[in-house]
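Colleague: File follows, coords12.csv with CSV, C-alpha atoms and all ligand atoms:
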```
chain,number,residue,atom,x,y,z
J,1,MET,CA,106.6,124.3,114.7
J,2,LYS,CA,107.3,121.0,116.3
J,3,ILE,CA,106.6,118.1,113.9
J,4,ALA,CA,106.2,114.4,114.9
J,5,MET,CA,107.6,112.2,112.1
J,6,ALA,CA,107.3,108.5,111.4
J,7,SER,CA,107.6,106.0,108.6
J,8,ASP,CA,108.0,102.4,107.7
J,9,HIS,CA,110.8,100.9,105.6
J,10,ALA,CA,109.1,102.2,102.4
J,11,GLY,CA,109.0,105.8,103.6
J,12,HIS,CA,112.3,105.8,105.5
J,13,ASP,CA,114.4,107.6,102.9
J,14,LEU,CA,111.8,110.3,102.1
J,15,LYS,CA,111.2,110.8,105.9
J,16,GLU,CA,114.9,111.6,106.2
J,17,GLU,CA,114.8,114.1,103.4
J,18,ILE,CA,111.7,115.8,104.8
J,19,LYS,CA,113.2,115.8,108.2
J,20,THR,CA,116.3,117.6,106.9
J,21,TRP,CA,114.1,120.1,105.0
J,22,LEU,CA,112.0,120.8,108.1
J,23,LYS,CA,115.1,121.5,110.2
J,24,GLU,CA,116.7,123.7,107.6
J,25,ASN,CA,113.5,125.7,107.6
J,26,GLY,CA,113.5,126.3,111.3
J,27,HIS,CA,111.2,123.5,112.6
J,28,GLU,CA,111.8,121.0,115.4
J,29,VAL,CA,111.4,117.3,114.5
J,30,LEU,CA,110.4,114.5,116.9
J,31,ASP,CA,111.4,111.4,114.9
J,32,PHE,CA,109.6,108.2,116.0
J,33,GLY,CA,111.4,106.0,113.4
J,34,THR,CA,111.8,103.7,111.7
J,35,ASP,CA,115.6,104.2,111.4
J,36,SER,CA,116.4,101.9,108.5
J,37,LYS,CA,115.0,100.4,105.3
J,38,GLU,CA,114.6,97.0,107.0
J,39,SER,CA,111.0,95.7,106.6
J,40,CYS,CA,108.8,96.7,109.6
J,41,ASP,CA,105.2,97.3,110.6
J,42,LEU,CA,104.0,100.9,110.0
J,43,SER,CA,101.8,101.0,113.2
J,44,ASP,CA,104.8,100.5,115.4
J,45,TYR,CA,106.0,104.0,114.5
J,46,VAL,CA,103.0,105.9,113.3
J,47,TYR,CA,100.9,105.1,116.4
J,48,PRO,CA,103.4,106.6,118.9
J,49,ALA,CA,103.9,109.6,116.6
J,50,SER,CA,100.1,110.0,116.4
J,51,LEU,CA,99.8,109.9,120.2
J,52,ALA,CA,102.5,112.7,120.4
J,53,VAL,CA,100.3,114.9,118.2
J,54,ALA,CA,97.1,114.0,120.1
J,55,ARG,CA,98.8,114.8,123.5
J,56,GLY,CA,100.0,118.2,122.2
J,57,GLU,CA,103.7,117.1,122.4
J,58,ALA,CA,103.9,118.0,118.7
J,59,ASP,CA,102.0,120.6,116.7
J,60,ARG,CA,101.5,118.4,113.7
J,61,GLY,CA,102.6,115.1,112.2
J,62,ILE,CA,104.1,114.1,108.9
J,63,PHE,CA,104.1,110.4,108.2
J,64,VAL,CA,105.6,108.6,105.2
J,65,ASP,CA,105.0,105.0,104.0
J,66,GLY,CA,104.7,103.4,100.6
J,67,VAL,CA,101.5,105.1,99.4
J,68,GLY,CA,100.4,107.1,102.5
J,69,TYR,CA,97.1,105.4,103.1
J,70,GLY,CA,98.3,103.1,105.9
J,71,SER,CA,99.6,106.1,107.9
J,72,ALA,CA,96.3,108.0,107.4
J,73,LEU,CA,94.3,104.9,108.4
J,74,ILE,CA,96.2,104.7,111.7
J,75,ALA,CA,96.3,108.4,112.5
J,76,ASN,CA,92.6,108.9,111.8
J,77,ARG,CA,91.7,106.4,114.5
J,78,ILE,CA,93.1,108.7,117.1
J,79,TYR,CA,90.9,111.5,118.6
J,80,GLY,CA,92.0,114.9,117.5
J,81,LEU,CA,94.0,113.8,114.5
J,82,THR,CA,92.9,114.7,111.0
J,83,ALA,CA,95.2,113.0,108.5
J,84,ALA,CA,95.3,113.6,104.8
J,85,VAL,CA,97.1,111.7,102.1
J,86,CYS,CA,98.5,114.3,99.7
J,87,GLN,CA,100.0,113.5,96.3
J,88,ASP,CA,100.5,117.0,95.0
J,89,PRO,CA,100.7,120.6,96.4
J,90,PHE,CA,97.1,121.3,95.5
J,91,CYS,CA,95.9,118.5,97.7
J,92,ALA,CA,98.1,119.8,100.4
J,93,LYS,CA,96.7,123.3,100.2
J,94,LEU,CA,93.1,122.1,100.3
J,95,ALA,CA,93.9,119.6,103.1
J,96,ARG,CA,94.7,122.6,105.2
J,97,GLU,CA,92.3,125.2,103.9
J,98,HIS,CA,89.2,123.0,103.7
J,99,THR,CA,89.7,120.3,106.2
J,100,ASP,CA,92.2,121.7,108.7
J,101,SER,CA,94.4,118.6,108.6
J,102,ASN,CA,97.0,118.3,111.3
J,103,VAL,CA,98.7,115.2,109.9
J,104,LEU,CA,100.2,114.9,106.4
J,105,CYS,CA,100.7,111.4,104.9
J,106,ILE,CA,102.9,110.9,101.9
J,107,GLY,CA,103.8,107.8,99.8
J,108,GLY,CA,107.5,107.3,99.4
J,109,LYS,CA,106.9,104.7,96.6
J,110,ILE,CA,104.9,107.1,94.5
J,111,ILE,CA,106.2,110.6,95.3
J,112,GLY,CA,109.7,111.9,94.4
J,113,SER,CA,111.5,114.0,96.9
J,114,GLY,CA,111.2,117.2,94.8
J,115,ILE,CA,107.4,117.1,94.8
J,116,ALA,CA,107.3,115.8,98.4
J,117,LEU,CA,109.1,118.9,99.6
J,118,GLU,CA,106.8,121.1,97.7
J,119,ILE,CA,103.8,119.3,99.3
J,120,VAL,CA,105.3,119.7,102.8
J,121,ASP,CA,106.1,123.4,102.1
J,122,VAL,CA,102.6,124.2,101.1
J,123,TRP,CA,101.0,122.2,103.8
J,124,MET,CA,103.2,123.8,106.5
J,125,ARG,CA,102.4,127.3,105.3
J,126,THR,CA,98.7,127.1,104.6
J,127,GLU,CA,96.1,128.0,107.2
J,128,PRO,CA,92.5,126.8,107.4
J,129,LEU,CA,89.8,129.1,105.9
J,130,LYS,CA,88.0,129.4,109.2
J,131,GLY,CA,86.3,132.6,108.1
J,132,ILE,CA,84.5,131.0,105.3
J,133,GLU,CA,81.3,129.5,106.8
J,134,LYS,CA,80.9,126.5,104.5
J,135,TYR,CA,84.3,125.1,105.4
J,136,ALA,CA,83.9,125.9,109.1
J,137,ARG,CA,80.5,124.2,109.1
J,138,ARG,CA,82.0,121.1,107.4
J,139,VAL,CA,84.8,120.9,109.9
J,140,ARG,CA,82.3,121.2,112.8
J,141,LYS,CA,80.3,118.3,111.3
J,142,VAL,CA,83.3,116.1,111.2
J,143,GLU,CA,84.1,117.1,114.8
J,144,ALA,CA,80.6,116.1,115.8
J,145,ILE,CA,81.1,112.6,114.2
J,146,THR,CA,84.4,112.4,116.0
J,147,GLU,CA,82.7,113.2,119.4
J,148,LYS,CA,80.2,110.5,118.7
J,149,HIS,CA,82.6,107.7,117.7
J,150,LEU,CA,86.1,108.3,119.0
J,151,LYS,CA,87.2,108.3,122.6
J,152,LYS,CA,89.4,111.1,124.0
J,153,LEU,CA,92.8,110.0,125.2
J,154,SER,CA,91.8,111.0,128.7
J,155,GLU,CA,88.8,108.5,128.5
J,156,ILE,CA,90.9,105.5,127.4
J,201,LIG,O1,102.2,101.9,101.7
J,201,LIG,C1,102.1,101.3,102.7
J,201,LIG,C2,100.9,101.5,103.6
J,201,LIG,O2,100.1,102.5,103.1
J,201,LIG,C3,103.2,100.4,103.2
J,201,LIG,O3,104.4,101.1,103.1
J,201,LIG,C4,103.2,99.2,102.3
J,201,LIG,O4,102.0,98.4,102.5
J,201,LIG,C5,104.4,98.3,102.7
J,201,LIG,O5,104.4,97.2,101.9
J,201,LIG,P1,105.7,96.2,101.7
J,201,LIG,O6,106.0,95.7,103.1
J,201,LIG,O7,105.3,95.2,100.7
J,201,LIG,O8,106.9,97.1,101.3
```
Can you dump the structure from the file as structure tokens?
Modeller:
Amino acid sequence: MKIAMASDHAGHDLKEEIKTWLKENGHEVLDFGTDSKESCDLSDYVYPASLAVARGEADRGIFVDGVGYGSALIANRIYGLTAAVCQDPFCAKLAREHTDSNVLCIGGKIIGSGIALEIVDVWMRTEPLKGIEKYARRVRKVEAITEKHLKKLSEI
């Protein structure tokens, strides 16, 4: 898969570790920065990476900041993106199976690299349970809310 990655200073080191893991496991990474631990503003990196996912230039996104929420906040404002903050592999499994997330957000200040790589591994391998009606229905309802409140990129 082609994965768009982004971080701020707080997520930089973990982003680099995840990037290495993804490449070692046969994935392509589009790295939108940041490139150092110098203090920066998350949206400068997560927004362009989010657009890459929304445009289909990447299959999914993995964003890393201090706690993960800022990245999800930004990504979930973009049509077509469904970002989940995951703090353990169980969250990652359900974020794919139940809510079909296409962006994973992790907090570098709260998650060690060992558990982070487990989260990424599970999230990358897990498919949505589209055959189970209750999950499919819930995803459709979220899509209906999106249609009502978010603009498609082509309409902006
Ligand atoms: O976690 C974050 C957003 O979800 C950011 O990484 C965090 O807010 C950065 O804070 P600071 O500039 O104090 O390191």
Colleague: Restricting the calculation to all atoms listed in the file, which member of J:Ala75, J:Ile115, J:Ile62, J:Met5 is positioned closest to Ser50 of chain J?
Modeller: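 Distance minimum relative to Ser50 of chain J lands on J:Ala75.
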Colleague: Hey, what's within 8 Å of segment 118-133 of chain J if we count all atoms listed in the file and toss same-chain stuff fewer than 4 positions away? As a VMD selection string, please?
Modeller: chain J and resid 18 86 to 90 92 to 93 95 to 100 104 114 137
Colleague: From the options J:Glu38, J:Asp65, J:Glu16, J:Asp44, which residue's atoms come nearest to ligand LIG 201 (chain J), counting only C-alpha atoms and all ligand atoms?
Modeller: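 Residue with the minimum atom-to-atom distance to ligand LIG 201 (chain J): J:Asp65.
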Colleague: Calculated over only C-alpha atoms, which of the candidates J:Ala58, J:Ala4, J:Glu28, J:Tyr69 has the smallest distance to Gly107 of chain J?
Modeller: J:Tyr69
Colleague: Could you give me the residues within 9 Å of ligand LIG 201 (chain J), counting all atoms listed in the file, as an NGL selection string?
Modeller: :J and (7-11 or 39-42 or 64-73 or 106-109)
